[in-house]
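> Have a look at the structure that comes next, please.
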Amino acid sequence: MTAERKLDARKMRADFPIFEQLIHGKPLAYLDSAASSQKPRQVLDAMTEFYETSYANIHRGVYDLGERATEAYEGAREKARGFLNAETTREVVFTRNVTSALNLVAYAWGLDNLGPGDLVLVTEMEHHSNFVPWQFIARRTGAELAAIPVDVGSGELMLDDLDAVAERGRLKVLAVTYVSNSLGTVNPVERLAAWAHERDAVVVVDAAQAAPHRTVDVQALGCDFLGFTGHKMCGPTGVGVLWGRRELLESMSPFELGGHMIRKVTLEETTWNELPHKFEAGTAPIAEAVGLGAAIDYIGEIGLDAVERHERELLEYALPRLEEIPGIRLFGPSADRRAGIVSFEVEGVHPHDVAQILDWEGVAVRAGHHCNQPLMSRLGVPATTRASFYVYTLAEEIDRLVEGLHKVQRTFA
Amino acid sequence: MSELDSLYREVILDHYKNPRGHGVIEGADVEAEGMNPLCGDEVSIFVSFDGDRIDDVKFRGRGCAISQAATSMLMEMVRGRTAQEVAALDREELLEEVGIPLTPIRLKCALLGLGVLKLALHKGKGTPLPDEWAGLAEDLELK
């Protein structure tokens with residue numbers, strides 16, 4: 001039996017150069033990792049080293065450098081495969097981010113497989129990136145769009161009426177987020193996937209907020225497509241991953257067209273490259289993929305189980321402290337049912353004013369609708385303030401958040 | 001004085017908590033509304049004219065302290081002035097009244113009310129919307 005790995009956030013911070021500076025004369029309490037995480041030196045160094053020693057375009061050059069670059073890029077794909085426990089790298093497509101991964105599915109699968117009488121089921125807590133593409137493609141194809149509602153009190157999906165919702169059409173696709181970016185809610189994706197598959201629907205999972213914080217195993221989840229992004233998990237911006245079941249990806253038309261994704265082009269006709277290249281038109285985010293590979297290694301070394309435990313400890317520390325402040329309304333489920341994300345409302349104070357005052361305390365939080373406008377409507381607020389945690393978050397930063405909120409309330413008293 | 005004290009200075013908080021000219025004018029000659037999609041600030045402005053003069057002006061809205069306080073200050077500044085005069089009002093006049101340093105993002109909050117008011121005057125009296133407002137009008141989703 002191996003001992004539980006423990007994460008030492010203070011030690012982690014030494015890896016992140018961003019924390020070497022002061023913000024408004026105070027140490028940076030970066031509580032906005034759900035928007036984008038900070039980057040460890042290991043990732044930055046891997047990218048710099050790649051640029052300095054091995055950079056060239058990939059999949060073309062017969063020269064040594066081109067081969068090394070290709071090897072590095074494809075090596076990152078293998079790391080992403082392992083990270084997701086996918087069967088083969090053919091199922092691992094590099095994209096720009098989760099948004100482009102989900103648009104790929106909505107267009108390349110949706111346009112050819114949806115029509116009048118079909119039902120596209122999303123949830124009220126989807127990020128706009130897993131909602132707007134489906135709304136758009138449903139309208140284009142004449143399919144019906146429905147959303148699984150969110151219970152405001154618990155911050156969880158209301159699954160009791162699932163069968164009734166599915167009666168609104170022929171269920172063809174269920175698009176669901178693994179972890180809510182506003183509420184932190186961890187959704188029962190496995191159960192939902194099994195339910196949707198009983199109805200022969202395709203299951204699309206947005207793992208943007210899950211992949212940085214917990215193990216994402218596409219085979220265990222039983223989904224058909226899943227997207228995650230590098231920049232929320234210590235990697236660079238500009239690279240994400242779409243995983244899809246091979247037979248589905250093979251049956252689909254390409255999304256973007258151009259270089260690299262072709263097999264043969266004539267004036268009359270073009271045939272497509274094999275998977276995954278069919279979906280990777282143009283020059284790929286090569287160094288970014290290398291950076292993502294380094295981020296996967298970095299997180300792998302910490303252990304996602306340790307990350308999850310660290311965030312749970314922070315939540316167990318933060319939730320009661322925030323709850324006991326009069327005039328603070330917390331959204332979302334209990335600590336054991338969510339990832340390290342806490343959204344709240346300060347009575348009588350707009351989230352932007354909250355965030356501004358916290359900024360002067362060196363505490364960076366997000367204020368806004370979090371690309372969750374349907375969810376904000378359901379919660380009955382125009383926006384919320386959101387604090388989110390990651391491997392470098394310290395309990396004392398939660399103390400600073402709490403102190404900052406007292407200052408907000410004093411200012412507006 | 002710290003940045004914080006200056007941004008949320010007494011007068012801003014006072015206007016935020018006790019907005020002047022807050023409410024709706026039933027049967028107003030013209031109304032306009034706008035929002036700042038970034039922050040979700042919303043402002044609606046109602047104007048009644050006496051000839052070309054702004055006889056009464058009221059607003060309602062929700063949003064951050066800067067957007068609501070600046071609009072409240074604006075109500076006090078423009079009542080009794082002519083539509084043409086207010087349409088030509090330099091934004092610096094309002095910003096001076098607001099009197100706090102603003103980042104580009106918060107500047108939009110502070111100018112939301114003025115943008116909506118100029119739009120109302122444009123709708124009611126055909127006053128011009130200066131060029132500098134064209135881009136902002138789009139940002140603020142004026143309608």
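By convention in this document, the chains of the structure tokens carry letters A, B, ... by their order, each chain's residues are numbered from 1, and ligands are numbered from 1 in the order they are shown.
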Could you please select, counting only C-alpha atoms, the residues of chain B within 9 Å of chain A and state them as a list in words?
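So the residues of chain B near chain A are Glu3, Leu4, Asp5, Tyr8, Leu13, Lys17, Leu38, Cys39, Gly40, Asp41, Arg62, Gly63, Cys64, Ala65 and Ile66 of chain B.
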> Would you please extract all helix (DSSP H, G or I) residues from stretch 119-306 of chain A, as assigned by DSSP on the backbone, and give them as a PyMOL selection string?
chain A and resi 128-130+132-141+162-166+189-198+218-221+246-251+277-279+286-302+304-306
> Store the residues picked out above in a file with C-alpha atoms, as a CSV table (one decimal), in the first residue's frame.

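Result file part_22.csv:
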```csv
chain,number,residue,atom,x,y,z
A,128,HIS,CA,-21.2,29.2,-23.0
A,129,SER,CA,-18.7,27.1,-24.9
A,130,ASN,CA,-20.7,24.0,-24.4
A,132,VAL,CA,-23.9,28.4,-27.6
A,133,PRO,CA,-22.5,26.0,-30.3
A,134,TRP,CA,-25.3,23.6,-29.5
A,135,GLN,CA,-28.0,26.3,-29.5
A,136,PHE,CA,-26.6,27.5,-32.9
A,137,ILE,CA,-26.3,24.1,-34.5
A,138,ALA,CA,-29.7,23.0,-33.2
A,139,ARG,CA,-31.3,26.1,-34.8
A,140,ARG,CA,-29.4,25.5,-38.1
A,141,THR,CA,-30.5,21.8,-38.2
A,162,LEU,CA,-34.6,13.5,-16.8
A,163,ASP,CA,-36.8,11.0,-18.6
A,164,ALA,CA,-39.6,13.6,-19.0
A,165,VAL,CA,-37.1,16.1,-20.5
A,166,ALA,CA,-35.9,13.5,-22.9
A,189,VAL,CA,-21.1,12.2,-15.8
A,190,GLU,CA,-20.8,8.4,-15.7
A,191,ARG,CA,-24.5,8.0,-14.7
A,192,LEU,CA,-25.6,10.6,-17.3
A,193,ALA,CA,-23.6,8.9,-20.0
A,194,ALA,CA,-25.1,5.5,-19.2
A,195,TRP,CA,-28.6,7.1,-19.3
A,196,ALA,CA,-27.9,8.8,-22.6
A,197,HIS,CA,-26.5,5.7,-24.2
A,198,GLU,CA,-29.6,3.8,-23.3
A,218,VAL,CA,-12.6,8.7,-20.7
A,219,GLN,CA,-13.1,5.0,-20.7
A,220,ALA,CA,-14.5,5.0,-17.1
A,221,LEU,CA,-16.7,8.0,-17.8
A,246,ARG,CA,-12.5,6.5,-33.0
A,247,GLU,CA,-15.5,5.3,-35.0
A,248,LEU,CA,-17.3,8.6,-34.5
A,249,LEU,CA,-14.3,10.7,-35.5
A,250,GLU,CA,-13.8,8.4,-38.5
A,251,SER,CA,-17.4,8.8,-39.6
A,277,HIS,CA,-4.6,14.6,-38.5
A,278,LYS,CA,-8.0,14.9,-40.3
A,279,PHE,CA,-9.0,17.4,-37.6
A,286,ILE,CA,3.6,22.9,-31.7
A,287,ALA,CA,5.4,24.5,-28.8
A,288,GLU,CA,2.2,24.9,-26.9
A,289,ALA,CA,1.6,21.1,-27.2
A,290,VAL,CA,5.1,20.6,-25.9
A,291,GLY,CA,4.2,22.9,-23.0
A,292,LEU,CA,1.0,20.9,-22.4
A,293,GLY,CA,3.0,17.7,-22.3
A,294,ALA,CA,5.3,19.3,-19.7
A,295,ALA,CA,2.2,20.4,-17.7
A,296,ILE,CA,0.8,16.9,-17.8
A,297,ASP,CA,4.1,15.6,-16.4
A,298,TYR,CA,4.2,18.3,-13.8
A,299,ILE,CA,0.7,17.5,-12.5
A,300,GLY,CA,1.4,13.8,-12.8
A,301,GLU,CA,4.3,14.2,-10.5
A,302,ILE,CA,2.1,15.9,-7.9
A,304,LEU,CA,-4.2,14.4,-9.2
A,305,ASP,CA,-5.4,12.6,-6.1
A,306,ALA,CA,-3.2,14.9,-4.1
```
> Tell me, as a PyMOL selection string, which residues lie within 9 Å of stretch 112-114 of chain B, counting only C-alpha atoms; anything in the same chain fewer than 6 positions away does not count.
chain B and resi 33-36+41-45+59+67-68+70-72+74+91+94+136+140
> Save the residues we just selected, N, CA and C atoms, as a PDB file, in the first residue's frame?

```pdb
ATOM      1  N   GLU B  33     -32.032  53.084 -23.007  1.00  0.00           N
ATOM      2  CA  GLU B  33     -31.359  52.202 -22.051  1.00  0.00           C
ATOM      3  C   GLU B  33     -30.068  51.663 -22.647  1.00  0.00           C
ATOM      4  N   GLY B  34     -29.194  51.249 -21.779  1.00  0.00           N
ATOM      5  CA  GLY B  34     -27.929  50.695 -22.241  1.00  0.00           C
ATOM      6  C   GLY B  34     -27.363  49.769 -21.195  1.00  0.00           C
ATOM      7  N   MET B  35     -26.473  48.905 -21.632  1.00  0.00           N
ATOM      8  CA  MET B  35     -25.805  48.046 -20.664  1.00  0.00           C
ATOM      9  C   MET B  35     -24.347  47.874 -21.052  1.00  0.00           C
ATOM     10  N   ASN B  36     -23.579  47.558 -20.068  1.00  0.00           N
ATOM     11  CA  ASN B  36     -22.176  47.266 -20.281  1.00  0.00           C
ATOM     12  C   ASN B  36     -22.028  45.758 -20.133  1.00  0.00           C
ATOM     13  N   ASP B  41     -23.564  46.071 -16.029  1.00  0.00           N
ATOM     14  CA  ASP B  41     -24.200  47.320 -15.575  1.00  0.00           C
ATOM     15  C   ASP B  41     -25.352  47.655 -16.511  1.00  0.00           C
ATOM     16  N   GLU B  42     -26.466  48.089 -15.925  1.00  0.00           N
ATOM     17  CA  GLU B  42     -27.629  48.473 -16.729  1.00  0.00           C
ATOM     18  C   GLU B  42     -28.120  49.836 -16.285  1.00  0.00           C
ATOM     19  N   VAL B  43     -28.460  50.671 -17.253  1.00  0.00           N
ATOM     20  CA  VAL B  43     -29.024  51.985 -16.941  1.00  0.00           C
ATOM     21  C   VAL B  43     -30.131  52.306 -17.939  1.00  0.00           C
ATOM     22  N   SER B  44     -31.288  52.745 -17.411  1.00  0.00           N
ATOM     23  CA  SER B  44     -32.355  53.299 -18.250  1.00  0.00           C
ATOM     24  C   SER B  44     -32.558  54.743 -17.819  1.00  0.00           C
ATOM     25  N   ILE B  45     -32.726  55.631 -18.796  1.00  0.00           N
ATOM     26  CA  ILE B  45     -32.906  57.057 -18.474  1.00  0.00           C
ATOM     27  C   ILE B  45     -34.199  57.568 -19.127  1.00  0.00           C
ATOM     28  N   PHE B  59     -33.411  58.117 -13.652  1.00  0.00           N
ATOM     29  CA  PHE B  59     -32.800  56.884 -14.142  1.00  0.00           C
ATOM     30  C   PHE B  59     -33.120  55.736 -13.200  1.00  0.00           C
ATOM     31  N   SER B  67     -20.802  52.905 -11.888  1.00  0.00           N
ATOM     32  CA  SER B  67     -21.794  53.182 -12.934  1.00  0.00           C
ATOM     33  C   SER B  67     -23.032  53.866 -12.353  1.00  0.00           C
ATOM     34  N   GLN B  68     -23.473  53.411 -11.199  1.00  0.00           N
ATOM     35  CA  GLN B  68     -24.705  53.956 -10.633  1.00  0.00           C
ATOM     36  C   GLN B  68     -24.462  55.342 -10.021  1.00  0.00           C
ATOM     37  N   ALA B  70     -22.091  57.512 -10.918  1.00  0.00           N
ATOM     38  CA  ALA B  70     -21.832  58.482 -11.989  1.00  0.00           C
ATOM     39  C   ALA B  70     -23.143  58.905 -12.649  1.00  0.00           C
ATOM     40  N   THR B  71     -24.062  57.963 -12.824  1.00  0.00           N
ATOM     41  CA  THR B  71     -25.349  58.311 -13.435  1.00  0.00           C
ATOM     42  C   THR B  71     -26.148  59.210 -12.500  1.00  0.00           C
ATOM     43  N   SER B  72     -26.095  58.915 -11.220  1.00  0.00           N
ATOM     44  CA  SER B  72     -26.773  59.754 -10.232  1.00  0.00           C
ATOM     45  C   SER B  72     -26.235  61.193 -10.281  1.00  0.00           C
ATOM     46  N   LEU B  74     -24.816  62.598 -12.765  1.00  0.00           N
ATOM     47  CA  LEU B  74     -25.211  63.158 -14.061  1.00  0.00           C
ATOM     48  C   LEU B  74     -26.616  63.766 -13.988  1.00  0.00           C
ATOM     49  N   ARG B  91     -17.235  64.726 -21.848  1.00  0.00           N
ATOM     50  CA  ARG B  91     -17.266  63.689 -20.820  1.00  0.00           C
ATOM     51  C   ARG B  91     -16.369  64.047 -19.630  1.00  0.00           C
ATOM     52  N   LEU B  94     -18.162  65.341 -16.603  1.00  0.00           N
ATOM     53  CA  LEU B  94     -18.703  64.321 -15.698  1.00  0.00           C
ATOM     54  C   LEU B  94     -17.574  63.647 -14.914  1.00  0.00           C
ATOM     55  N   LEU B 136     -18.250  53.596 -28.633  1.00  0.00           N
ATOM     56  CA  LEU B 136     -18.725  53.324 -27.280  1.00  0.00           C
ATOM     57  C   LEU B 136     -20.177  52.854 -27.301  1.00  0.00           C
ATOM     58  N   LEU B 140     -21.562  49.631 -25.425  1.00  0.00           N
ATOM     59  CA  LEU B 140     -22.526  49.749 -24.337  1.00  0.00           C
ATOM     60  C   LEU B 140     -23.902  49.222 -24.726  1.00  0.00           C
TER      61      LEU B 140
END
```
> So which residues touch B:Val57 within 12 Å, counting only C-alpha atoms, skipping near sequence neighbours fewer than 2 positions away, as an MDAnalysis selection string?
chainID B and resid 20:32 44:50 53:55 59:60 71:83 113 116:117 120:121
> Residues of the last selection are to be written out with N, CA and C atoms, as a CSV table (one decimal), in the first residue's frame.

```csv
chain,number,residue,atom,x,y,z
B,20,ARG,N,-29.5,60.1,-6.7
B,20,ARG,CA,-30.4,61.3,-7.0
B,20,ARG,C,-31.1,61.0,-8.3
B,21,GLY,N,-32.3,61.5,-8.4
B,21,GLY,CA,-33.0,61.3,-9.7
B,21,GLY,C,-33.3,59.9,-10.0
B,22,HIS,N,-33.5,59.1,-9.0
B,22,HIS,CA,-33.7,57.6,-9.2
B,22,HIS,C,-35.2,57.4,-9.4
B,23,GLY,N,-35.5,56.7,-10.4
B,23,GLY,CA,-36.9,56.3,-10.6
B,23,GLY,C,-37.3,56.4,-12.1
B,24,VAL,N,-38.6,56.4,-12.3
B,24,VAL,CA,-39.2,56.3,-13.6
B,24,VAL,C,-40.1,57.5,-13.8
B,25,ILE,N,-40.0,58.2,-15.0
B,25,ILE,CA,-41.0,59.3,-15.3
B,25,ILE,C,-42.1,58.6,-16.1
B,26,GLU,N,-43.3,58.6,-15.5
B,26,GLU,CA,-44.4,58.0,-16.3
B,26,GLU,C,-44.7,59.0,-17.4
B,27,GLY,N,-44.9,58.5,-18.6
B,27,GLY,CA,-45.2,59.4,-19.7
B,27,GLY,C,-44.0,60.3,-20.1
B,28,ALA,N,-42.8,59.8,-19.9
B,28,ALA,CA,-41.7,60.6,-20.3
B,28,ALA,C,-41.7,60.9,-21.8
B,29,ASP,N,-41.1,62.0,-22.2
B,29,ASP,CA,-41.0,62.2,-23.7
B,29,ASP,C,-40.2,61.2,-24.4
B,30,VAL,N,-39.1,60.8,-23.7
B,30,VAL,CA,-38.2,59.8,-24.3
B,30,VAL,C,-37.5,59.0,-23.3
B,31,GLU,N,-37.2,57.8,-23.6
B,31,GLU,CA,-36.4,57.0,-22.7
B,31,GLU,C,-35.4,56.2,-23.6
B,32,ALA,N,-34.3,55.9,-22.9
B,32,ALA,CA,-33.2,55.1,-23.6
B,32,ALA,C,-32.6,54.2,-22.5
B,44,SER,N,-31.3,52.7,-17.4
B,44,SER,CA,-32.4,53.3,-18.2
B,44,SER,C,-32.6,54.7,-17.8
B,45,ILE,N,-32.7,55.6,-18.8
B,45,ILE,CA,-32.9,57.1,-18.5
B,45,ILE,C,-34.2,57.6,-19.1
B,46,PHE,N,-34.9,58.3,-18.3
B,46,PHE,CA,-36.2,58.9,-18.8
B,46,PHE,C,-36.1,60.4,-18.8
B,47,VAL,N,-36.5,61.1,-19.9
B,47,VAL,CA,-36.4,62.5,-20.0
B,47,VAL,C,-37.8,63.2,-20.3
B,48,SER,N,-38.1,64.3,-19.6
B,48,SER,CA,-39.3,65.1,-20.1
B,48,SER,C,-38.7,66.5,-20.4
B,49,PHE,N,-39.2,67.0,-21.5
B,49,PHE,CA,-38.7,68.3,-22.0
B,49,PHE,C,-39.7,69.4,-21.7
B,50,ASP,N,-39.2,70.6,-21.5
B,50,ASP,CA,-40.0,71.8,-21.6
B,50,ASP,C,-39.3,72.6,-22.7
B,53,ARG,N,-35.5,72.4,-23.2
B,53,ARG,CA,-34.9,72.3,-21.9
B,53,ARG,C,-35.3,70.9,-21.3
B,54,ILE,N,-34.3,70.3,-20.5
B,54,ILE,CA,-34.6,69.1,-19.8
B,54,ILE,C,-35.4,69.5,-18.5
B,55,ASP,N,-36.7,69.2,-18.6
B,55,ASP,CA,-37.5,69.6,-17.4
B,55,ASP,C,-37.3,68.6,-16.3
B,59,PHE,N,-33.4,58.1,-13.7
B,59,PHE,CA,-32.8,56.9,-14.1
B,59,PHE,C,-33.1,55.7,-13.2
B,60,ARG,N,-33.0,54.6,-13.8
B,60,ARG,CA,-33.0,53.4,-12.9
B,60,ARG,C,-32.0,52.4,-13.5
B,71,THR,N,-24.1,58.0,-12.8
B,71,THR,CA,-25.3,58.3,-13.4
B,71,THR,C,-26.1,59.2,-12.5
B,72,SER,N,-26.1,58.9,-11.2
B,72,SER,CA,-26.8,59.8,-10.2
B,72,SER,C,-26.2,61.2,-10.3
B,73,MET,N,-24.9,61.3,-10.3
B,73,MET,CA,-24.3,62.7,-10.4
B,73,MET,C,-24.7,63.4,-11.7
B,74,LEU,N,-24.8,62.6,-12.8
B,74,LEU,CA,-25.2,63.2,-14.1
B,74,LEU,C,-26.6,63.8,-14.0
B,75,MET,N,-27.5,63.1,-13.3
B,75,MET,CA,-28.9,63.6,-13.2
B,75,MET,C,-28.9,65.0,-12.6
B,76,GLU,N,-28.1,65.2,-11.6
B,76,GLU,CA,-28.0,66.5,-10.9
B,76,GLU,C,-27.4,67.6,-11.9
B,77,MET,N,-26.4,67.1,-12.7
B,77,MET,CA,-25.7,68.0,-13.6
B,77,MET,C,-26.6,68.6,-14.7
B,78,VAL,N,-27.5,67.8,-15.2
B,78,VAL,CA,-28.2,68.1,-16.5
B,78,VAL,C,-29.6,68.7,-16.3
B,79,ARG,N,-30.2,68.5,-15.2
B,79,ARG,CA,-31.6,69.0,-15.1
B,79,ARG,C,-31.6,70.5,-15.3
B,80,GLY,N,-32.5,70.9,-16.2
B,80,GLY,CA,-32.7,72.4,-16.4
B,80,GLY,C,-31.8,72.9,-17.6
B,81,ARG,N,-30.9,72.1,-18.0
B,81,ARG,CA,-30.1,72.5,-19.2
B,81,ARG,C,-30.7,72.1,-20.5
B,82,THR,N,-30.3,72.7,-21.6
B,82,THR,CA,-31.0,72.4,-22.9
B,82,THR,C,-30.4,71.1,-23.4
B,83,ALA,N,-31.2,70.4,-24.3
B,83,ALA,CA,-30.8,69.2,-24.9
B,83,ALA,C,-29.5,69.4,-25.7
B,113,GLY,N,-24.0,56.0,-18.1
B,113,GLY,CA,-25.1,56.9,-18.0
B,113,GLY,C,-25.1,58.0,-19.0
B,116,VAL,N,-26.1,56.8,-22.4
B,116,VAL,CA,-27.5,56.5,-22.5
B,116,VAL,C,-28.3,57.8,-22.6
B,117,LEU,N,-27.9,58.8,-21.8
B,117,LEU,CA,-28.6,60.1,-21.8
B,117,LEU,C,-28.4,60.8,-23.2
B,120,ALA,N,-30.8,59.2,-25.5
B,120,ALA,CA,-32.1,59.7,-25.2
B,120,ALA,C,-32.4,61.0,-25.9
B,121,LEU,N,-31.4,61.9,-25.8
B,121,LEU,CA,-31.5,63.3,-26.3
B,121,LEU,C,-31.6,63.2,-27.9
```
> Can you pull out every residue within 10 Å of A:Phe16, counting only C-alpha atoms, but drop anything in the same chain fewer than 6 positions away, and send it as a ChimeraX atom specification?
/A:38-44,234,392
